[in-house]
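K.L.:
Contents of upload_32.cif (mmCIF, C-alpha atoms and all ligand atoms) are below:
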data_protein
loop_
_atom_site.label_atom_id
_atom_site.label_comp_id
_atom_site.auth_asym_id
_atom_site.auth_seq_id
_atom_site.Cartn_x
_atom_site.Cartn_y
_atom_site.Cartn_z
CA MET A 1 117.73 87.68 54.67
CA LEU A 2 114.53 88.31 56.60
CA ARG A 3 114.18 90.19 59.86
CA TYR A 4 111.65 88.53 62.17
CA VAL A 5 110.32 91.09 64.65
CA THR A 6 109.16 89.20 67.73
CA GLY A 7 109.96 88.76 71.40
CA ASN A 8 108.70 85.18 71.33
CA GLU A 9 111.43 82.52 71.06
CA GLY A 10 108.93 79.76 70.34
CA LYS A 11 107.86 81.54 67.15
CA ILE A 12 111.49 81.98 66.07
CA ARG A 13 112.23 78.26 66.59
CA GLU A 14 109.25 77.29 64.44
CA ALA A 15 109.98 79.79 61.65
CA THR A 16 113.69 78.91 61.53
CA GLU A 17 112.87 75.23 61.25
CA TYR A 18 110.38 75.94 58.46
CA LEU A 19 111.91 78.61 56.24
CA ASP A 20 114.90 78.14 53.94
CA GLU A 21 115.75 81.84 54.14
CA VAL A 22 118.06 83.13 56.85
CA VAL A 23 115.93 84.65 59.59
CA GLU A 24 117.40 87.26 61.90
CA PRO A 25 115.37 87.78 65.10
CA VAL A 26 114.77 91.43 66.04
CA ASP A 27 113.28 92.21 69.43
CA TYR A 28 111.45 95.44 68.64
CA ASP A 29 108.23 96.07 70.57
CA TYR A 30 105.81 97.78 68.19
CA LEU A 31 102.69 99.03 69.90
CA GLU A 32 99.92 96.65 68.85
CA PRO A 33 96.65 98.37 67.93
CA GLN A 34 93.50 97.18 69.71
CA ALA A 35 91.86 95.38 66.81
CA ASP A 36 89.67 92.32 66.40
CA SER A 37 91.55 91.17 63.34
CA LEU A 38 94.96 89.49 63.40
CA GLU A 39 95.46 90.58 59.76
CA GLU A 40 95.17 94.22 60.71
CA ILE A 41 97.61 93.80 63.61
CA ALA A 42 100.16 91.84 61.53
CA ALA A 43 100.05 94.28 58.59
CA TYR A 44 100.41 97.22 60.96
CA GLY A 45 103.26 95.53 62.86
CA ALA A 46 105.25 94.72 59.72
CA GLU A 47 104.76 98.17 58.20
CA THR A 48 105.54 100.21 61.32
CA SER A 49 108.56 98.03 62.21
CA PHE A 50 110.01 98.50 58.72
CA ALA A 51 109.52 102.25 59.02
CA ALA A 52 110.97 102.46 62.55
CA LEU A 53 114.03 100.20 62.15
CA GLU A 54 117.13 101.06 60.16
CA GLY A 55 118.01 98.83 57.22
CA ASP A 56 116.52 97.56 53.95
CA GLU A 57 116.03 93.88 54.67
CA PRO A 58 112.36 92.83 54.59
CA ILE A 59 110.49 92.47 57.85
CA MET A 60 108.18 89.70 58.97
CA VAL A 61 105.98 89.55 62.04
CA ASP A 62 103.52 86.93 63.23
CA ASP A 63 100.36 87.67 65.14
CA ALA A 64 98.57 84.69 66.61
CA GLY A 65 95.73 83.80 68.93
CA LEU A 66 93.61 81.02 70.38
CA PHE A 67 89.92 81.28 69.45
CA ILE A 68 87.63 79.32 71.81
CA ALA A 69 84.22 78.53 70.32
CA THR A 70 82.12 78.62 73.49
CA PHE A 71 83.50 82.08 74.34
CA ASP A 72 82.73 83.39 70.85
CA GLY A 73 86.40 83.40 69.85
CA PHE A 74 87.83 84.86 73.08
CA PRO A 75 90.74 85.34 73.84
CA GLY A 76 91.54 85.54 70.08
CA PRO A 77 93.54 88.74 69.42
CA TYR A 78 93.80 89.25 73.21
CA SER A 79 95.56 85.90 73.81
CA ALA A 80 98.90 87.49 74.75
CA TYR A 81 97.17 89.64 77.38
CA VAL A 82 95.21 86.74 78.86
CA GLU A 83 98.02 84.14 79.03
CA PRO A 84 100.06 85.65 81.91
CA ARG A 85 97.02 87.07 83.73
CA LEU A 86 94.51 84.22 83.71
CA GLY A 87 96.97 81.40 82.96
CA ILE A 88 96.42 78.51 80.56
CA GLU A 89 95.24 76.12 83.33
CA ARG A 90 92.40 78.50 84.17
CA VAL A 91 91.54 78.98 80.49
CA ALA A 92 91.21 75.19 80.23
CA GLU A 93 89.19 74.97 83.44
CA LEU A 94 86.72 77.64 82.29
CA THR A 95 86.33 76.01 78.88
CA LEU A 96 85.93 72.49 80.28
CA ALA A 97 83.10 73.73 82.52
CA GLU A 98 81.16 74.42 79.30
CA ALA A 99 79.72 71.79 76.93
CA ASP A 100 81.62 72.85 73.80
CA HIS A 101 85.41 72.38 73.93
CA ARG A 102 86.24 73.30 70.32
CA ALA A 103 88.96 75.86 69.63
CA ALA A 104 91.16 77.03 66.78
CA PHE A 105 94.57 78.62 66.59
CA HIS A 106 94.99 81.36 63.97
CA ALA A 107 98.26 82.92 62.89
CA VAL A 108 98.90 85.72 60.44
CA VAL A 109 102.37 86.38 59.09
CA GLY A 110 102.82 90.03 58.11
CA TYR A 111 105.46 91.11 55.60
CA ALA A 112 106.76 94.56 54.68
CA ASP A 113 109.71 95.73 52.60
CA GLY A 114 109.02 99.43 52.15
CA GLN A 115 106.95 98.87 48.99
CA THR A 116 104.72 95.89 49.63
CA VAL A 117 102.71 94.91 52.69
CA GLU A 118 101.22 91.39 52.62
CA THR A 119 99.58 89.01 55.09
CA PHE A 120 99.37 85.20 55.08
CA GLU A 121 96.93 83.33 57.28
CA GLY A 122 96.88 79.86 58.77
CA LYS A 123 94.32 78.10 60.96
CA VAL A 124 94.10 74.79 62.77
CA ARG A 125 91.15 73.29 64.59
CA GLY A 126 91.35 71.34 67.82
CA ARG A 127 89.90 71.19 71.29
CA ILE A 128 90.76 72.41 74.75
CA VAL A 129 91.97 69.81 77.26
CA ASN A 130 93.70 69.87 80.64
CA PRO A 131 97.43 70.66 80.16
CA ARG A 132 99.58 67.81 78.78
CA GLY A 133 103.15 67.78 77.46
CA ASP A 134 106.14 70.03 77.97
CA GLY A 135 107.13 71.02 74.44
CA GLY A 136 105.99 74.08 72.51
CA PHE A 137 105.01 77.32 74.21
CA GLY A 138 102.05 79.45 75.21
CA TYR A 139 98.72 77.62 75.01
CA ASP A 140 100.21 74.48 73.40
CA PRO A 141 99.67 72.17 76.45
CA ILE A 142 95.88 72.79 76.43
CA PHE A 143 95.33 72.52 72.64
CA GLU A 144 94.70 68.99 71.40
CA HIS A 145 94.83 68.20 67.69
CA GLY A 146 94.15 64.54 66.87
CA GLU A 147 95.26 62.53 69.87
CA ARG A 148 98.02 64.82 71.09
CA THR A 149 98.39 68.33 72.39
CA PHE A 150 100.75 70.66 70.53
CA ALA A 151 103.04 70.43 73.59
CA GLU A 152 103.30 66.66 72.99
CA MET A 153 104.61 67.19 69.43
CA ASP A 154 108.11 68.16 68.34
CA ILE A 155 108.57 71.31 66.25
CA ALA A 156 108.43 69.52 62.88
CA GLU A 157 105.25 67.65 63.85
CA LYS A 158 103.59 70.82 65.07
CA ASN A 159 104.66 72.79 61.96
CA ALA A 160 103.19 70.09 59.71
CA VAL A 161 99.68 70.76 61.02
CA SER A 162 99.77 74.09 62.84
CA HIS A 163 98.33 77.55 62.11
CA ARG A 164 101.90 78.95 61.98
CA GLY A 165 103.08 76.14 59.68
CA ARG A 166 100.19 76.89 57.25
CA ALA A 167 100.82 80.65 57.35
CA LEU A 168 104.59 80.13 56.86
CA GLU A 169 103.92 77.73 53.99
CA LYS A 170 101.82 80.34 52.13
CA PHE A 171 104.36 83.04 52.90
CA ALA A 172 107.36 80.92 51.80
CA GLU A 173 105.65 80.01 48.52
CA TRP A 174 104.89 83.67 47.75
CA TYR A 175 108.36 84.84 48.85
CA ARG A 176 110.15 82.26 46.67
CA GLN A 177 108.27 83.48 43.61
CA ARG A 178 109.25 87.09 44.08
P1 LIG B 201 105.32 88.87 69.65
O1 LIG B 201 104.10 89.75 69.54
O2 LIG B 201 106.51 89.54 70.25
O3 LIG B 201 105.64 88.16 68.37
P2 LIG B 201 103.67 87.38 71.51
O4 LIG B 201 103.90 86.12 72.30
O5 LIG B 201 103.19 88.59 72.23
O6 LIG B 201 105.00 87.68 70.68
P3 LIG B 201 101.19 87.13 69.96
O7 LIG B 201 100.61 88.42 70.33
O8 LIG B 201 101.05 86.69 68.54
O9 LIG B 201 102.74 87.05 70.30
O10 LIG B 201 100.73 85.92 70.88
C1 LIG B 201 99.46 85.65 71.24
C2 LIG B 201 99.43 84.68 72.37
O11 LIG B 201 99.19 83.40 71.85
C3 LIG B 201 100.65 84.58 73.27
O12 LIG B 201 100.20 84.34 74.59
C4 LIG B 201 101.39 83.38 72.72
O13 LIG B 201 102.14 82.69 73.71
C5 LIG B 201 100.23 82.53 72.23
N1 LIG B 201 100.59 81.76 71.05
C6 LIG B 201 100.93 82.24 69.83
N2 LIG B 201 101.24 81.24 69.00
C7 LIG B 201 101.10 80.10 69.70
C8 LIG B 201 101.30 78.75 69.43
O14 LIG B 201 101.73 78.34 68.25
N3 LIG B 201 101.06 77.85 70.40
C9 LIG B 201 100.64 78.25 71.61
N4 LIG B 201 100.45 79.50 71.97
C10 LIG B 201 100.68 80.43 71.03
#
Could you spell out this file's structure in structure tokens?
Ligand code: ITT
P.N.:
Amino acid sequence: MLRYVTGNEGKIREATEYLDEVVEPVDYDYLEPQADSLEEIAAYGAETSFAALEGDEPIMVDDAGLFIATFDGFPGPYSAYVEPRLGIERVAELTLAEADHRAAFHAVVGYADGQTVETFEGKVRGRIVNPRGDGGFGYDPIFEHGERTFAEMDIAEKNAVSHRGRALEKFAEWYRQR
């Protein structure tokens, strides 16, 4: 059994659909360090959650962000701060006022079990568009990959190409071999 420390239900839906292991959601709010690297945040989150919570079952966390090329990767690691304050419509508007609409989602799964701390990264490239679709969560409606936004895909379709799907794939492969 794995304990998935997150307050984000969208992440839990995607991980549960992807992983064979039983995943128990744990809503523990670890204080995220101000860091430019998702790896650092995910490793810290997994390690401190394992230390703070009772129990021996391994912990996983997932730190993700939307990196917009024309803004030099902003909001990136600050995506969770920007989403409720600026709003995804405004993020799209600001990006579409520029010439370059390219963006990438990154996700890093962090794992800790008291002995080992590991991170697994996934990335997907796309471009920013005006919001379309009502699936997914977060920035999904403004991120187009191929012809569709992530909010126009179902969970399996998104997992097949997404940053989180790639990170979960690497993690699952490593975890199975342990
Ligand atoms: P936890 O830290 O509790 O796991 P969170 O939502 O705060 O949940 P992050 O810091 O990783 O998680 O999230 C960064 C932001 O990016 C946040 O606004 C998310 O909604 C958004 N986000 C993360 N993954 C996403 C995805 O697959 N599609 C769209 N938006 C995503």
K.L.:
Just the residues within 10 Å of A:Ala92, please, counting only C-alpha atoms, with nothing from its chain fewer than 5 positions along; format it as a list in words.
P.N.:
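Final neighbour list, sorted by chain and number: Gly87, Ala97, His101, Arg127, Ile128, Val129, Asn130, Pro131, Tyr139, Pro141, Ile142 and Phe143 of chain A.
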K.L.:
Within 10 Å of (87.9, 82.7, 65.8), all atoms listed in the file: residues as a ChimeraX atom specification?
P.N.:
/A:36-37,65-69,71-77,103-106,123
K.L.:
Using all atoms listed in the file, which protein or nucleic acid residues are at most 9 Å from ligand LIG 201 (chain B), as number ranges by chain?
P.N.:
A: 4-12, 14, 27-30, 32, 38, 42, 45, 61-66, 75-84, 105-108, 136-143, 150-151, 158-159, 162-165
K.L.:
Go through A:Thr119, A:Ser49, A:Thr149, A:Gln34 one by one, measure the shortest atom-to-atom distance of each to A:Ala172 using only C-alpha atoms, and give the residue with the smallest value.
P.N.:
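Among A:Thr119, A:Ser49, A:Thr149, A:Gln34, it is A:Thr119 that comes nearest to A:Ala172.
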K.L.:
From the set A:Arg125, A:Arg102, A:Arg178, A:Arg166, which residue has the shortest atom-to-atom contact distance to A:Ala15, counting all atoms listed in the file?
P.N.:
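Closest to A:Ala15 of all the choices is A:Arg166.
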K.L.:
Between atom CA of A:Gly122 and atom CA of A:Glu57, what distance in Å does the model show, to one decimal?
P.N.:
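These two atoms are separated by 24.1 Å.
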K.L.:
Which residues, written as a PyMOL selection string, have at least one atom at most 12 Å from A:Arg3, with only C-alpha atoms counted and residues fewer than 5 positions away on the same chain left out?
P.N.:
chain A and resi 12+15-16+21-28+46+49-50+53-62+110-113
K.L.:
Dump C-alpha atoms for the selected residues as a PDB file, in the frame of the given file?
P.N.:
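Writing done, so here's part17.pdb:
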ATOM      1  CA  ILE A  12     111.490  81.980  66.070  1.00  0.00           C
ATOM      2  CA  ALA A  15     109.980  79.790  61.650  1.00  0.00           C
ATOM      3  CA  THR A  16     113.690  78.910  61.530  1.00  0.00           C
ATOM      4  CA  GLU A  21     115.750  81.840  54.140  1.00  0.00           C
ATOM      5  CA  VAL A  22     118.060  83.130  56.850  1.00  0.00           C
ATOM      6  CA  VAL A  23     115.930  84.650  59.590  1.00  0.00           C
ATOM      7  CA  GLU A  24     117.400  87.260  61.900  1.00  0.00           C
ATOM      8  CA  PRO A  25     115.370  87.780  65.100  1.00  0.00           C
ATOM      9  CA  VAL A  26     114.770  91.430  66.040  1.00  0.00           C
ATOM     10  CA  ASP A  27     113.280  92.210  69.430  1.00  0.00           C
ATOM     11  CA  TYR A  28     111.450  95.440  68.640  1.00  0.00           C
ATOM     12  CA  ALA A  46     105.250  94.720  59.720  1.00  0.00           C
ATOM     13  CA  SER A  49     108.560  98.030  62.210  1.00  0.00           C
ATOM     14  CA  PHE A  50     110.010  98.500  58.720  1.00  0.00           C
ATOM     15  CA  LEU A  53     114.030 100.200  62.150  1.00  0.00           C
ATOM     16  CA  GLU A  54     117.130 101.060  60.160  1.00  0.00           C
ATOM     17  CA  GLY A  55     118.010  98.830  57.220  1.00  0.00           C
ATOM     18  CA  ASP A  56     116.520  97.560  53.950  1.00  0.00           C
ATOM     19  CA  GLU A  57     116.030  93.880  54.670  1.00  0.00           C
ATOM     20  CA  PRO A  58     112.360  92.830  54.590  1.00  0.00           C
ATOM     21  CA  ILE A  59     110.490  92.470  57.850  1.00  0.00           C
ATOM     22  CA  MET A  60     108.180  89.700  58.970  1.00  0.00           C
ATOM     23  CA  VAL A  61     105.980  89.550  62.040  1.00  0.00           C
ATOM     24  CA  ASP A  62     103.520  86.930  63.230  1.00  0.00           C
ATOM     25  CA  GLY A 110     102.820  90.030  58.110  1.00  0.00           C
ATOM     26  CA  TYR A 111     105.460  91.110  55.600  1.00  0.00           C
ATOM     27  CA  ALA A 112     106.760  94.560  54.680  1.00  0.00           C
ATOM     28  CA  ASP A 113     109.710  95.730  52.600  1.00  0.00           C
TER      29      ASP A 113
END
K.L.:
Rank nothing, just name the residue among A:Val124, A:Glu47, A:Glu89, A:Glu17 nearest to A:Leu31, using only C-alpha atoms.
P.N.:
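Checking each of A:Val124, A:Glu47, A:Glu89, A:Glu17 against A:Leu31, counting only C-alpha atoms, the winner is A:Glu47.
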K.L.:
What gap, in Å, lies between atom CA of A:Glu157 and atom CA of A:Leu2?
P.N.:
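It comes out at 23.8 Å.
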K.L.:
Could you state the separation of atom CA of A:Thr48 and atom CA of A:Leu19 in Å, given to one decimal place?
P.N.:
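We find that atom CA of A:Thr48 and atom CA of A:Leu19 lie 23.1 Å from each other.
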